[in-house]
Amino acid sequence: MNASATRPYRVEEHFGAPVYVEERTLPELTERESQINDEGVPAGKRLRAGAARVDVTPELSSNVKAIAGFLRCPPTGVHDRLHVRALVLDNGDERLAIVSWDRIHSRSFEEIANVRRAINERTGIAVENILINMTHTHAGCEGDWHNGSVQAVAQACDNMKDARIGVGSKMIYGICTSRRMPDGRGLWDANQPNPDGVMDNECGVIRVEDDERNIIAVVAKYCGHPSVMDRNNSVVSGDYAGIGTLEMEKRLGGDAVAMFLQGCAGDTGTHTFRTGRTFPEAEKLGGRLADAVLDILSHIDVTSWAPLAAKTRMIELPIKKFDKNVETLPVITEGGTTTKDEIQALIIGDAAILVLGSMEAYVEIGLMVKDGSPFRHTFPLAYSNGPWLGYLPSPHGYAVRDPDAEGKRSTHFSSEAPHVLVAETLKLAGEMKAGSG
């Protein structure tokens with residue numbers, strides 16, 4: 001079954017490899033340099049913003065929990081340090097907090113609830129206005145994510161100043177592609193192109209600057225597994241995503257904070273564009289991410305005020321019938337028919353960050369949300385606001401019996417789950433759009 005059966009695309013060569021190129025039109029990104037556009041800003045209104053970065057890398061010892069994602073032993077060294085990054089936006093009517101963790105996933109809904117509650121008690125930001133997204137690095141380890149998050153958001157609030165904001169996006173290449181062939185087979189080795197596997201190549205960028213046009217924060221949303229490093233690695237790293245954000249901050253200088261938000265990356269990988277699973281390869285891809293994001297950043301127009309809004313909702317997603325002979329990921333209890341998942345919408349002007357939950361959703365699910373979204377810019381996220389819920393394959397993945405959909409260690413979600421999730425997410429987006437009108 002070919003990807004073109006459901007979604008138009010073409011094949012182009014980028015960085016020496018044939019890649020999947022969506023035939024999807026994005027909102028126009030100007031070719032000139034960024035400008036200020038305050039047309040339509042209400043009198044007396046002004047955006048304020050602050051950002052902060054907190055290092056949560058633990059001192060290494062035998063007590064530090066294992067590299068998460070692959071190796072199950074304590075880390076032996078640090079290549080690049082792990083951080084909590086936070087951006088706080090306040091337009092005088094609403095205050096939002098976007099938080100990014102250099103971590104593979106959270107332990108539980110309770111952990112997220114406790115962090116949000118502590119942030120609320122420290123800063124007054126409403127619990128449902130706080131987004132916590134994992135970069136999903138497979139080379140991370142445990143750290144003090146709770147206190148690091150409270151500290152980062154509190155520092156961001158302390159750093160708040162008059163600001164401007166803008167949103168833009170562009171198709172980028174050379175980092176990740178689909179790691180599933182159209183027939184469902186997986187690709188893991190280096191230098192394996194997959195030009196017929198559906199991929200979301202859009203990189204969304206939020207630009208936040210001060211009155212002197214210095215960058216306060218850049219938020220980059222992309223879909224791509226940070227798993228350059230494999231199970232033989234015992235050295236802590238944010239992988240290409242963490243390396244890329246550090247490179248952005250270095251190039252921007254000052255107090256600029258660069259954040260990475262992970263999208264629907266369940267069936268993506270770096271295999272096409274790496275020659276091995278080494279830190280030089282992670283640095284190469286992190287550099288490409290930085291190049292692309294900073295290029296987009298330089299062409300985004302900004303305004304001194306924008307509507308802000310947020311809402312969360314706990315939903316139920318259908319799961320498969322319990323079978324004691326199938327070791328589902330994660331394990332489900334006998335007799336259950338659904339599992340809970342938190343969706344969330346953060347609205348910034350004509351852009352929507354739509355959180356699908358904390359599962360590893362396939363890229364096609366995010367594209368389905370983009371297709372139905374009423375907003376000019378839509379950035380779907382997975383890996384957010386909860387524990388690892390396993391993989392959620394696309395409808396195509398279920399149709400071709402993708403190994404994540406069927407098999408001994410398959411997802412616990414039923415084939416109806418992606419449709420329910422997309423419908424519930426778009427329902428929430430529609431409500432937010434109606435409310436902003």
# chains A, B, ... in the order shown; residues from 1 in each chain; ligands from 1
$ residues_around --residues "stretch 18-27 of chain A" --least-positions-apart "2" --cutoff "6 Å" --atoms "only C-alpha atoms" --output "list in words"
Pro8, Tyr9, Arg10, Val11, Glu12, Glu13, Pro195 and Asp196 of chain A
$ write_last_selection --atoms "C-alpha atoms" --output "PDB file, in the first residue's frame"
ATOM      1  CA  PRO A   8      -0.510  13.395  -1.961  1.00  0.00           C
ATOM      2  CA  TYR A   9       3.266  13.644  -1.947  1.00  0.00           C
ATOM      3  CA  ARG A  10       6.313  13.717  -4.172  1.00  0.00           C
ATOM      4  CA  VAL A  11       9.893  12.554  -3.764  1.00  0.00           C
ATOM      5  CA  GLU A  12      12.824  14.985  -3.684  1.00  0.00           C
ATOM      6  CA  GLU A  13      16.474  14.649  -2.810  1.00  0.00           C
ATOM      7  CA  PRO A 195      10.661   8.235   0.453  1.00  0.00           C
ATOM      8  CA  ASP A 196       7.225   6.577   0.430  1.00  0.00           C
TER       9      ASP A 196
END
$ residues_around --residues "A:His396" --least-positions-apart "3" --cutoff "12 Å" --atoms "only C-alpha atoms" --output "PyMOL selection string"
chain A and resi 1-7+180-184+197-198+267+362-365+368+392-393+399-402+404-405+415-416+418-419
$ residues_around --residues "A:Glu31" --least-positions-apart "3" --cutoff "12 Å" --atoms "only C-alpha atoms" --output "VMD selection string"
chain A and resid 28 34 to 35 168 170 295 to 301
$ atom_distance --atom1 "atom CA of A:Ser436" --atom2 "atom CA of A:Glu121"
27.4 Å
$ closest_residue --among "A:Thr278, A:Gly269, A:Gly336, A:Asn325" --to "A:Leu187" --atoms "only C-alpha atoms"
A:Gly269
$ atom_distance --atom1 "atom CA of A:Ser384" --atom2 "atom CA of A:Asp210"
28.3 Å
$ residues_around --residues "A:Gly430" --least-positions-apart "6" --cutoff "10 Å" --atoms "only C-alpha atoms" --output "PyMOL selection string"
chain A and resi 372-375+424+436
$ residues_around --residues "stretch 56-63 of chain A" --least-positions-apart "4" --cutoff "7 Å" --atoms "only C-alpha atoms" --output "PDB file with all heavy atoms, in the first residue's frame"
ATOM      1  N   PRO A  74      23.133   2.566  35.238  1.00  0.00           N
ATOM      2  CA  PRO A  74      23.411   3.976  35.530  1.00  0.00           C
ATOM      3  C   PRO A  74      24.322   4.594  34.475  1.00  0.00           C
ATOM      4  O   PRO A  74      25.191   3.926  33.922  1.00  0.00           O
ATOM      5  CB  PRO A  74      24.105   3.923  36.896  1.00  0.00           C
ATOM      6  CG  PRO A  74      23.641   2.644  37.504  1.00  0.00           C
ATOM      7  CD  PRO A  74      23.493   1.687  36.363  1.00  0.00           C
ATOM      8  N   PRO A  75      24.147   5.886  34.175  1.00  0.00           N
ATOM      9  CA  PRO A  75      25.002   6.548  33.185  1.00  0.00           C
ATOM     10  C   PRO A  75      26.436   6.669  33.666  1.00  0.00           C
ATOM     11  O   PRO A  75      26.701   6.768  34.864  1.00  0.00           O
ATOM     12  CB  PRO A  75      24.347   7.923  33.017  1.00  0.00           C
ATOM     13  CG  PRO A  75      23.582   8.140  34.284  1.00  0.00           C
ATOM     14  CD  PRO A  75      23.119   6.787  34.715  1.00  0.00           C
ATOM     15  N   ARG A  81      24.203  18.469  28.879  1.00  0.00           N
ATOM     16  CA  ARG A  81      23.419  18.424  30.102  1.00  0.00           C
ATOM     17  C   ARG A  81      21.920  18.519  29.825  1.00  0.00           C
ATOM     18  O   ARG A  81      21.493  19.017  28.778  1.00  0.00           O
ATOM     19  CB  ARG A  81      23.883  19.527  31.060  1.00  0.00           C
ATOM     20  CG  ARG A  81      25.379  19.393  31.399  1.00  0.00           C
ATOM     21  CD  ARG A  81      25.838  20.397  32.418  1.00  0.00           C
ATOM     22  NE  ARG A  81      25.325  20.124  33.746  1.00  0.00           N
ATOM     23  CZ  ARG A  81      25.832  19.213  34.580  1.00  0.00           C
ATOM     24  NH1 ARG A  81      26.862  18.475  34.217  1.00  0.00           N
ATOM     25  NH2 ARG A  81      25.312  19.040  35.782  1.00  0.00           N
ATOM     26  N   LEU A  82      21.134  18.012  30.760  1.00  0.00           N
ATOM     27  CA  LEU A  82      19.685  17.969  30.644  1.00  0.00           C
ATOM     28  C   LEU A  82      19.062  19.176  31.330  1.00  0.00           C
ATOM     29  O   LEU A  82      19.546  19.612  32.383  1.00  0.00           O
ATOM     30  CB  LEU A  82      19.142  16.681  31.272  1.00  0.00           C
ATOM     31  CG  LEU A  82      19.763  15.375  30.787  1.00  0.00           C
ATOM     32  CD1 LEU A  82      19.153  14.191  31.528  1.00  0.00           C
ATOM     33  CD2 LEU A  82      19.590  15.210  29.274  1.00  0.00           C
ATOM     34  N   HIS A  83      17.988  19.687  30.730  1.00  0.00           N
ATOM     35  CA  HIS A  83      17.393  20.921  31.249  1.00  0.00           C
ATOM     36  C   HIS A  83      15.869  20.850  31.290  1.00  0.00           C
ATOM     37  O   HIS A  83      15.239  20.095  30.538  1.00  0.00           O
ATOM     38  CB  HIS A  83      17.778  22.121  30.367  1.00  0.00           C
ATOM     39  CG  HIS A  83      19.239  22.422  30.359  1.00  0.00           C
ATOM     40  ND1 HIS A  83      20.115  21.818  29.477  1.00  0.00           N
ATOM     41  CD2 HIS A  83      19.990  23.269  31.123  1.00  0.00           C
ATOM     42  CE1 HIS A  83      21.335  22.275  29.698  1.00  0.00           C
ATOM     43  NE2 HIS A  83      21.287  23.150  30.682  1.00  0.00           N
ATOM     44  N   VAL A  84      15.311  21.667  32.171  1.00  0.00           N
ATOM     45  CA  VAL A  84      13.918  22.099  32.083  1.00  0.00           C
ATOM     46  C   VAL A  84      13.948  23.507  31.529  1.00  0.00           C
ATOM     47  O   VAL A  84      14.688  24.369  32.023  1.00  0.00           O
ATOM     48  CB  VAL A  84      13.233  22.098  33.462  1.00  0.00           C
ATOM     49  CG1 VAL A  84      11.850  22.761  33.359  1.00  0.00           C
ATOM     50  CG2 VAL A  84      13.097  20.687  34.004  1.00  0.00           C
ATOM     51  N   GLY A 143      16.210  13.045  36.840  1.00  0.00           N
ATOM     52  CA  GLY A 143      16.706  14.240  37.508  1.00  0.00           C
ATOM     53  C   GLY A 143      15.592  14.824  38.349  1.00  0.00           C
ATOM     54  O   GLY A 143      14.519  14.227  38.473  1.00  0.00           O
ATOM     55  N   ASP A 144      15.811  15.996  38.902  1.00  0.00           N
ATOM     56  CA  ASP A 144      14.791  16.629  39.746  1.00  0.00           C
ATOM     57  C   ASP A 144      13.867  17.458  38.867  1.00  0.00           C
ATOM     58  O   ASP A 144      13.925  18.693  38.847  1.00  0.00           O
ATOM     59  CB  ASP A 144      15.452  17.502  40.814  1.00  0.00           C
ATOM     60  CG  ASP A 144      14.462  17.957  41.882  1.00  0.00           C
ATOM     61  OD1 ASP A 144      13.249  17.718  41.702  1.00  0.00           O
ATOM     62  OD2 ASP A 144      14.904  18.568  42.877  1.00  0.00           O
ATOM     63  N   TRP A 145      13.018  16.774  38.140  1.00  0.00           N
ATOM     64  CA  TRP A 145      12.129  17.449  37.195  1.00  0.00           C
ATOM     65  C   TRP A 145      11.092  18.307  37.910  1.00  0.00           C
ATOM     66  O   TRP A 145      10.689  19.357  37.389  1.00  0.00           O
ATOM     67  CB  TRP A 145      11.442  16.408  36.301  1.00  0.00           C
ATOM     68  CG  TRP A 145      12.436  15.547  35.595  1.00  0.00           C
ATOM     69  CD1 TRP A 145      12.825  14.279  35.925  1.00  0.00           C
ATOM     70  CD2 TRP A 145      13.225  15.915  34.458  1.00  0.00           C
ATOM     71  NE1 TRP A 145      13.791  13.836  35.063  1.00  0.00           N
ATOM     72  CE2 TRP A 145      14.053  14.806  34.161  1.00  0.00           C
ATOM     73  CE3 TRP A 145      13.300  17.059  33.673  1.00  0.00           C
ATOM     74  CZ2 TRP A 145      14.957  14.826  33.098  1.00  0.00           C
ATOM     75  CZ3 TRP A 145      14.203  17.078  32.612  1.00  0.00           C
ATOM     76  CH2 TRP A 145      15.014  15.970  32.336  1.00  0.00           C
ATOM     77  N   GLY A 148      12.934  21.411  39.388  1.00  0.00           N
ATOM     78  CA  GLY A 148      13.470  22.123  38.234  1.00  0.00           C
ATOM     79  C   GLY A 148      12.393  22.865  37.470  1.00  0.00           C
ATOM     80  O   GLY A 148      12.603  23.991  36.989  1.00  0.00           O
TER      81      GLY A 148
END
$ closest_residue --among "A:Glu316, A:Asp200, A:Glu110, A:Asp80" --to "A:Met171" --atoms "only C-alpha atoms"
A:Asp200
$ select_by_dssp --residues "stretch 307-354 of chain A" --states "strand (DSSP E)" --output "list in words"
Leu308, Ala309, Ala310, Lys311, Thr312, Arg313, Met314, Ile315, Glu316, Leu317, Pro318, Thr338, Thr339, Lys340, Asp341, Glu342, Ile343, Gln344, Ala345, Leu346, Ile347, Ile348, Ala351, Ala352, Ile353 and Leu354 of chain A
$ closest_atom_pairs --of "stretch 82-156 of chain A" --to "stretch 229-237 of chain A" --cutoff "9 Å" --atoms "only C-alpha atoms" --output "CSV"
residue,atom,partner,partner_atom,distance
A:Leu82,CA,A:Ser237,CA,6.8
A:Asp102,CA,A:Ser237,CA,8.5
A:Thr137,CA,A:Ser237,CA,7.5
A:His138,CA,A:Met229,CA,7.3
A:Ala139,CA,A:Ser237,CA,5.1
A:Gly140,CA,A:Val236,CA,5.3
A:Cys141,CA,A:Val236,CA,6.7
$ closest_residue --among "A:Val64, A:Leu356, A:Leu289, A:Ala190" --to "A:Glu142" --atoms "only C-alpha atoms"
A:Val64
$ atom_distance --atom1 "atom CA of A:Arg164" --atom2 "atom CA of A:Trp305"
6.6 Å
$ residues_around --residues "A:Lys311" --least-positions-apart "3" --cutoff "8 Å" --atoms "only C-alpha atoms" --output "PyMOL selection string"
chain A and resi 128-129+344-346
$ select_by_dssp --residues "stretch 231-321 of chain A" --states "alpha helix (DSSP H)" --output "ChimeraX atom specification"
/A:239-252,279-297
$ residues_around --residues "A:Leu308" --least-positions-apart "2" --cutoff "6 Å" --atoms "only C-alpha atoms" --output "list in words"
Glu94, Ile347 and Ile348 of chain A
$ write_last_selection --atoms "N, CA, C and O atoms" --output "JSON list (two decimals), in the first residue's frame"
[["chain", "number", "residue", "atom", "x", "y", "z"],
["A", 94, "GLU", "N", -4.75, 36.54, 30.17],
["A", 94, "GLU", "CA", -4.39, 35.15, 30.46],
["A", 94, "GLU", "C", -2.88, 35.03, 30.58],
["A", 94, "GLU", "O", -2.12, 35.82, 30.00],
["A", 347, "ILE", "N", -3.74, 28.42, 22.88],
["A", 347, "ILE", "CA", -3.98, 29.31, 21.75],
["A", 347, "ILE", "C", -3.12, 30.56, 21.90],
["A", 347, "ILE", "O", -3.13, 31.23, 22.95],
["A", 348, "ILE", "N", -2.36, 30.86, 20.86],
["A", 348, "ILE", "CA", -1.54, 32.07, 20.80],
["A", 348, "ILE", "C", -1.89, 32.78, 19.49],
["A", 348, "ILE", "O", -1.42, 32.39, 18.42]]
$ closest_residue --among "A:Ala265, A:Val219, A:Ser100, A:Asp158" --to "A:Gly238" --atoms "only C-alpha atoms"
A:Ser100
